[in-house]
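This report refers to the structure that appears directly beneath it.
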Amino acid sequence: MSARLVRVVETSHDTVLVVDFGAQYAQLIARRVREAKVYSEIVPHTMPVQQMLAKNPKAIILSGGPASVYADDAPGVDPDLFTSGVATFGICYGFQAMAVALGGQVARTGLSEFGRTPVDVEHPGTLLHGVPAGSTVWMSHNDSVTQAPDGFDVLAFSDATPVAAFEDPQRGLAGVQWHPEVLHTEHGQAVLERFLFDIAGARPTWTMVNIVDEAVEDIRAQVGSKQIVCGLSGGVDSSVAAALVQRAVGDQLTCVFVDHGLLREGEAEQVERDFVAATGVDLHVVDAQERFLSALKGVEDPEEKRKIIGREFIRVFEDAAREIVAKAGAEGDEVEFLVQGTLYPDVVESGGGEGAANIKSHHNVGGLPDDLQFTLVEPLRWLFKDEVRAVGEQLGIPADIVWRHPFPGPGLAIRIIGSVDRERLEVLRRADAIARAELTEAGLDRHVWQFPVVLLANVHSVGVQGDERTYGHPVVLRPVSSEDAMTADWSRLPFELLERISTRITNEVREVNRVVLDVTSKPPATIEWE
Ligand SMILES: Nc1ncnc2c1ncn2[C@@H]1O[C@H](COP(=O)(O)OP(=O)(O)OP(=O)(O)O)[C@@H](O)[C@H]1O
Ligand SMILES: O=c1[nH]c(=O)c2[nH+]cn([C@@H]3O[C@H](COP(=O)(O)O)[C@@H](O)[C@H]3O)c2[nH]1
Ligand SMILES: NC(=O)CC[C@H](N)C(=O)O
Ligand SMILES: [Mg+2]
């Protein structure tokens with residue numbers, strides 16, 4: 001990330017740091033803060049307090065976490081934080097850790113609360129101003145604060161928890177046992193906003209107009225008068241990134257669309273037609289089917305597939321950059337910059353959070369080759385997907401691009417379980433086209449986040465079609481709902497729709513004799529099968 005961009009963000013907006021104690025919901029907390037128009041970043045709990053303070057935060061939020069505050073290896077909070085003058089809000093584990101650090105008591109009372117829980121507000125104070133006397137919140141804890149630290153007012157209690165919320169507005173400190181960030185909690189956003197605005201005094205300046213203006217300014221400063229290429233897939237992220245760069249440096253930008261042979265039916269034609277029509281951008285289409293398919297020949301391991309694809313993408317961008325420079329007749333002037341549509345969850349998932357495991361190498365982050373020659377320009381690396389969509393709308397990108405379902409860069413290669421070849425790709429492409437067309441026909445595109453169809457090319461199953469025995473392959477339908485692809489649930493599509501898809505696929509795609517539905521959430525599964 002460019003040091004300049006860090007400065008632009010930090011000096012023109014109030015920043016809220018979300019300290020991650022291993023929470024399920026650290027990302028969600030950051031998103032909710034941003035929904036209140038305050039810029040927010042996640043930092044690991046291992047970051048020293050001095051380093052946090054160096055980011056000049058307006059407020060700090062301590063997240064929940066799996067540990068018990070008195071356990072030997074429990075992550076603690078440096079008491080310096082509470083004398084630094086920075087307003088601090090504790091949620092669940094963060095609330096308990098704040099209580100202990102300031103001299104309160106936490107105990108495992110034997111009374112746990114999970115899920116929907118009624119709380120009584122006995123004294124709203126500043127934090128719970130406007131919250132009714134009885135409301136329902138979402139809890140997930142075994143330990144409870146049994147005594148608030150000196151100087152704090154206790155604001156609420158539940159059946160199992162004598163201290164469910166407290167505050168000391170003079171010192172800018174407050175906390176709740178429940179999770180204000182989850183949708184099931186009534187008045188959750190309002191409580192976060194009382195903390196942000198009334199206790200911390202943060203300013204709501206993180207708006208789409210400001211985000212766009214600042215990104216444009218920053219790209220201009222980074223790129224100057226040089227040529228720049230953008231890997232454009234026609235997906236939401238790269239379309240929005242390209243539109244931002246186009247606004248910043250106009251015709252210095254050339255977009256490169258790679259047809260790697262792993263695309264869905266009609267995709268290449270659609271990107272060429274719709275994207276150019278919508279933006280007027282200079283689009284360079286590369287037919288690299290042969291190159292990708294021969295590099296992938298016989299490869300079954302998912303990580304190996306991803307690494308090969310990441311590498312080939314970059315090699316194609318390098319070749320394209322050389323051609324673009326030659327065409328422009330600009331001798332000796334190399335293309336130094338490559339625009340990618342990398343998002344904040346990509347950054348967090350690929351080790352932005354301390355000790356985060358590598359689940360899979362996204363082709364544009366962990367899958368990049370070591371000898372990358374380009375300087376990356378990633379104007380969206382601070383944003384969540386819903387924010388990217390809002391930026392896209394702000395830039396006037398048509399709704400069918402902004403609301404497209406995400407499609408992974410490695411394409412159908414990671415939806416064929418087993419090695420990839422032209423025949424298998426063709427089978428999957430036909431099944432996928434049927435599923436997508438029926439979803440659209442049913443008017444349910446906006447109800448699902450994504451709808452992968454997966455070909456189990458390594459598996460055979462017996463069927464009977466036209467009174468004859470067949471020995472074909474199953475395909476898996478994987479419709480999911482999600483807010484940001486970090487977590488997901490399987491979509492409850494109507495049975496009639498599933499039936500139509502199943503019948504059409506087995507009738508129209510000869511190689512497939514079985515259609516199954518994936519009913520796993522993420523976690524424990526992931527959205528894509530590889
Ligand atoms: N076929 C392609 N040609 C050129 N670049 C691509 C292609 N596929 C992916 N990329 C590059 O990889 C990046 C990451 O891909 P990813 O699928 O996450 O984003 P996207 O396609 O822009 O949006 P979406 O997530 O909505 O599909 C893209 O932003 C783009 O820069
Ligand atoms: O551009 C991409 N390059 C990749 O290598 C990649 N792998 C997964 N995805 C997409 O990321 C989201 C989360 O996917 P998973 O639950 O499978 O990890 C889902 O939206 C996936 O489609 C990718 N996108
Ligand atoms: N969700 C949480 O933060 C839980 C905090 C702590 N582990 C408890 O069980 O009470
Ligand atoms: Mg994509």
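We name chains A, B, ... following the order of the structure tokens; residues begin at 1 in each chain, and ligands are numbered from 1 as shown.
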Closest contacts (chain A/ligand 4, max 12 Å, only C-alpha atoms and all ligand atoms) as CSV:
residue,atom,partner,partner_atom_place_in_ligand_line,distance
A:Gly231,CA,ligand 4,1 (Mg),10.4
A:Leu232,CA,ligand 4,1 (Mg),8.7
A:Ser233,CA,ligand 4,1 (Mg),5.8
A:Gly234,CA,ligand 4,1 (Mg),7.1
A:Gly235,CA,ligand 4,1 (Mg),4.7
A:Val236,CA,ligand 4,1 (Mg),7.2
A:Asp237,CA,ligand 4,1 (Mg),7.3
A:Ser238,CA,ligand 4,1 (Mg),7.7
A:Ser239,CA,ligand 4,1 (Mg),9.7
A:Val240,CA,ligand 4,1 (Mg),11.8
A:Phe257,CA,ligand 4,1 (Mg),11.3
A:Val258,CA,ligand 4,1 (Mg),11.6
A:Leu262,CA,ligand 4,1 (Mg),11.6
A:Leu263,CA,ligand 4,1 (Mg),10.0
A:Arg264,CA,ligand 4,1 (Mg),11.3
A:Glu267,CA,ligand 4,1 (Mg),11.2
A:Val271,CA,ligand 4,1 (Mg),11.6
A:Gln340,CA,ligand 4,1 (Mg),10.9
A:Gly341,CA,ligand 4,1 (Mg),8.9
A:Thr342,CA,ligand 4,1 (Mg),10.4
A:Leu343,CA,ligand 4,1 (Mg),11.7
A:His362,CA,ligand 4,1 (Mg),11.0
A:His363,CA,ligand 4,1 (Mg),10.5
A:Asn364,CA,ligand 4,1 (Mg),10.4
A:Ile401,CA,ligand 4,1 (Mg),11.2
A:Val402,CA,ligand 4,1 (Mg),11.9
A:Arg404,CA,ligand 4,1 (Mg),9.4
A:His405,CA,ligand 4,1 (Mg),8.5
A:Pro406,CA,ligand 4,1 (Mg),5.3
A:Phe407,CA,ligand 4,1 (Mg),3.9
A:Pro408,CA,ligand 4,1 (Mg),4.4
A:Gly409,CA,ligand 4,1 (Mg),4.9
A:Pro410,CA,ligand 4,1 (Mg),8.4
A:Gly411,CA,ligand 4,1 (Mg),7.8
A:Leu412,CA,ligand 4,1 (Mg),11.2
A:Gln450,CA,ligand 4,1 (Mg),11.2
Residues near range 367-384 of chain A, cut-off 9 Å, only C-alpha atoms, skip fewer than 2 positions along chain, as an NGL selection string: :A and (1-2 or 31 or 41 or 215-216 or 218-219 or 222-223 or 230 or 237 or 240-241 or 244-245 or 303 or 306-314 or 318 or 335-347 or 361-365 or 386-389 or 484)
Proximity to Val476 in chain A - best of A:Arg436, A:Arg415, A:Arg429, A:Arg446, only C-alpha atoms: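 Once distances to Val476 in chain A are computed over only C-alpha atoms, the minimum belongs to A:Arg415.
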Counting only C-alpha atoms, the residue of A:Ala165, A:Leu477, A:Leu102, A:Ala107 that sits nearest Thr146 in chain A: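 For Thr146 in chain A, the nearest of the candidates is A:Ala107.
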Could you list, as a tab-separated table (two decimals) with N, CA and C atoms, in the first residue's frame, all the residues within 7 Å of ligand 3, counting only C-alpha atoms and all ligand atoms?
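Dumped everything to out-v4.tsv:
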chain	number	residue	atom	x	y	z
A	23	ALA	N	-11.94	-12.17	17.07
A	23	ALA	CA	-13.41	-12.17	17.02
A	23	ALA	C	-13.93	-12.79	15.75
A	63	SER	N	-12.62	-5.65	20.26
A	63	SER	CA	-13.58	-6.63	19.76
A	63	SER	C	-13.82	-7.76	20.76
A	64	GLY	N	-14.72	-8.65	20.42
A	64	GLY	CA	-14.91	-9.88	21.18
A	64	GLY	C	-13.78	-10.86	20.90
A	65	GLY	N	-13.83	-12.00	21.53
A	65	GLY	CA	-12.78	-12.99	21.31
A	65	GLY	C	-13.05	-14.26	22.09
A	66	PRO	N	-12.39	-15.36	21.72
A	66	PRO	CA	-12.69	-16.65	22.33
A	66	PRO	C	-12.10	-16.85	23.72
A	67	ALA	N	-11.12	-16.05	24.12
A	67	ALA	CA	-10.41	-16.33	25.38
A	67	ALA	C	-11.25	-15.92	26.59
A	68	SER	N	-10.81	-16.39	27.75
A	68	SER	CA	-11.41	-15.99	29.01
A	68	SER	C	-10.39	-15.06	29.67
A	91	ILE	N	-16.42	-4.45	23.37
A	91	ILE	CA	-17.54	-5.31	23.00
A	91	ILE	C	-17.22	-6.73	23.48
A	92	CYS	N	-18.08	-7.31	24.31
A	92	CYS	CA	-17.97	-8.69	24.77
A	92	CYS	C	-16.60	-8.94	25.42
A	93	TYR	N	-15.70	-9.69	24.77
A	93	TYR	CA	-14.38	-9.89	25.39
A	93	TYR	C	-13.71	-8.54	25.67
A	94	GLY	N	-13.84	-7.61	24.73
A	94	GLY	CA	-13.23	-6.28	24.89
A	94	GLY	C	-13.80	-5.55	26.10
A	140	SER	N	-23.18	-13.76	23.24
A	140	SER	CA	-22.43	-15.00	23.04
A	140	SER	C	-21.27	-15.02	24.04
A	141	HIS	N	-21.61	-15.39	25.28
A	141	HIS	CA	-20.54	-15.34	26.31
A	141	HIS	C	-20.77	-16.36	27.43
A	142	ASN	N	-19.66	-16.74	28.06
A	142	ASN	CA	-19.67	-17.60	29.24
A	142	ASN	C	-19.32	-16.80	30.48
A	143	ASP	N	-18.42	-15.80	30.33
A	143	ASP	CA	-17.98	-14.99	31.46
A	143	ASP	C	-18.87	-13.74	31.56
A	144	SER	N	-18.90	-13.16	32.76
A	144	SER	CA	-19.69	-11.93	32.95
A	144	SER	C	-18.92	-10.94	33.80
Option closest in space to Gly188 in chain A, from A:Val77, A:Ala174, A:Val391, A:Val131 [counting only C-alpha atoms]: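 So, comparing all the options, the nearest one is A:Val131.
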Residues flagged strand (DSSP E) by DSSP in range 279-308 of chain A, as a ChimeraX atom specification: /A:283-287
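Taking only C-alpha atoms into account, Arg171 in chain A lies nearest to A:Thr83 out of the set A:Gln227, A:Thr83, A:Thr503, A:Thr526.
If only C-alpha atoms are the atoms counted, then among A:His284, A:His123, A:Arg273, A:Arg478 the closest residue to Cys255 in chain A is A:His284.
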A:Val121, A:Val49, A:Val281, A:Leu517 ranked by distance to Gly134 in chain A, top pick (using only C-alpha atoms): A:Val121
DSSP-assigned alpha helix (DSSP H) members of range 379-502 of chain A, reported as a VMD selection string: chain A and resid 385 to 394 399 to 402 422 to 441 495 to 502
Write the selection just made, keeping C-alpha atoms, as a short mmCIF file (atom, residue, chain, number, x, y, z; two decimals), in the first residue's frame?
data_model
loop_
_atom_site.label_atom_id
_atom_site.label_comp_id
_atom_site.auth_asym_id
_atom_site.auth_seq_id
_atom_site.Cartn_x
_atom_site.Cartn_y
_atom_site.Cartn_z
CA LYS A 385 -17.75 -5.01 -1.59
CA ASP A 386 -20.89 -3.07 -0.69
CA GLU A 387 -18.80 0.12 -0.59
CA VAL A 388 -17.30 -0.74 -3.99
CA ARG A 389 -20.81 -1.12 -5.38
CA ALA A 390 -21.76 2.28 -3.93
CA VAL A 391 -18.65 3.83 -5.52
CA GLY A 392 -19.63 2.19 -8.83
CA GLU A 393 -23.08 3.73 -8.64
CA GLN A 394 -21.57 7.08 -7.74
CA ALA A 399 -26.53 -1.50 -12.63
CA ASP A 400 -25.97 -4.79 -14.45
CA ILE A 401 -22.22 -4.41 -13.97
CA VAL A 402 -22.41 -3.05 -10.41
CA ARG A 422 -11.59 -28.24 -23.04
CA GLU A 423 -14.21 -31.01 -22.89
CA ARG A 424 -14.77 -30.68 -19.15
CA LEU A 425 -14.92 -26.89 -19.43
CA GLU A 426 -17.58 -27.20 -22.12
CA VAL A 427 -19.70 -29.51 -19.94
CA LEU A 428 -19.50 -27.16 -16.97
CA ARG A 429 -20.13 -24.11 -19.12
CA ARG A 430 -23.41 -25.57 -20.40
CA ALA A 431 -24.63 -26.61 -16.94
CA ASP A 432 -23.65 -23.23 -15.50
CA ALA A 433 -25.46 -21.32 -18.25
CA ILE A 434 -28.68 -23.21 -17.52
CA ALA A 435 -28.50 -22.57 -13.77
CA ARG A 436 -27.83 -18.87 -14.24
CA ALA A 437 -30.53 -18.42 -16.87
CA GLU A 438 -33.14 -20.09 -14.67
CA LEU A 439 -32.15 -18.00 -11.64
CA THR A 440 -32.56 -14.84 -13.71
CA GLU A 441 -35.85 -16.09 -15.16
CA PHE A 495 -37.80 -26.30 -4.84
CA GLU A 496 -39.58 -25.64 -8.15
CA LEU A 497 -36.59 -23.65 -9.37
CA LEU A 498 -34.12 -26.33 -8.25
CA GLU A 499 -36.24 -28.92 -10.00
CA ARG A 500 -36.27 -26.97 -13.27
CA ILE A 501 -32.51 -26.51 -13.14
CA SER A 502 -31.94 -30.20 -12.40
#
Close residues, Asp78 in chain A itself excluded, 9 Å, only C-alpha atoms, min 4 positions apart in chain, as a ChimeraX atom specification: /A:48-49,82,101
Nearby residues (only C-alpha atoms) at most 8 Å from Asp168 in chain A, same-chain spacing under 5 positions excluded, as a list in words: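 So the residues in contact are Gly151, Phe152, Asp153, Leu173 and Ala174 of chain A.
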Using only C-alpha atoms, please write the residues we just selected to a file, as an mmCIF file, in the first residue's frame.
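This went into result-v9.cif:
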data_model
loop_
_atom_site.group_PDB
_atom_site.id
_atom_site.type_symbol
_atom_site.label_atom_id
_atom_site.label_comp_id
_atom_site.auth_asym_id
_atom_site.auth_seq_id
_atom_site.Cartn_x
_atom_site.Cartn_y
_atom_site.Cartn_z
ATOM 1 C CA GLY A 151 -15.974 5.679 38.214
ATOM 2 C CA PHE A 152 -18.204 3.730 35.792
ATOM 3 C CA ASP A 153 -22.005 3.865 35.695
ATOM 4 C CA LEU A 173 -14.794 4.835 28.052
ATOM 5 C CA ALA A 174 -17.775 2.544 27.530
#
For Arg220 in chain A: contacts at 7 Å, only C-alpha atoms, fewer than 4 positions along chain excluded, given as a PyMOL selection string: chain A and resi 216+224+248-249
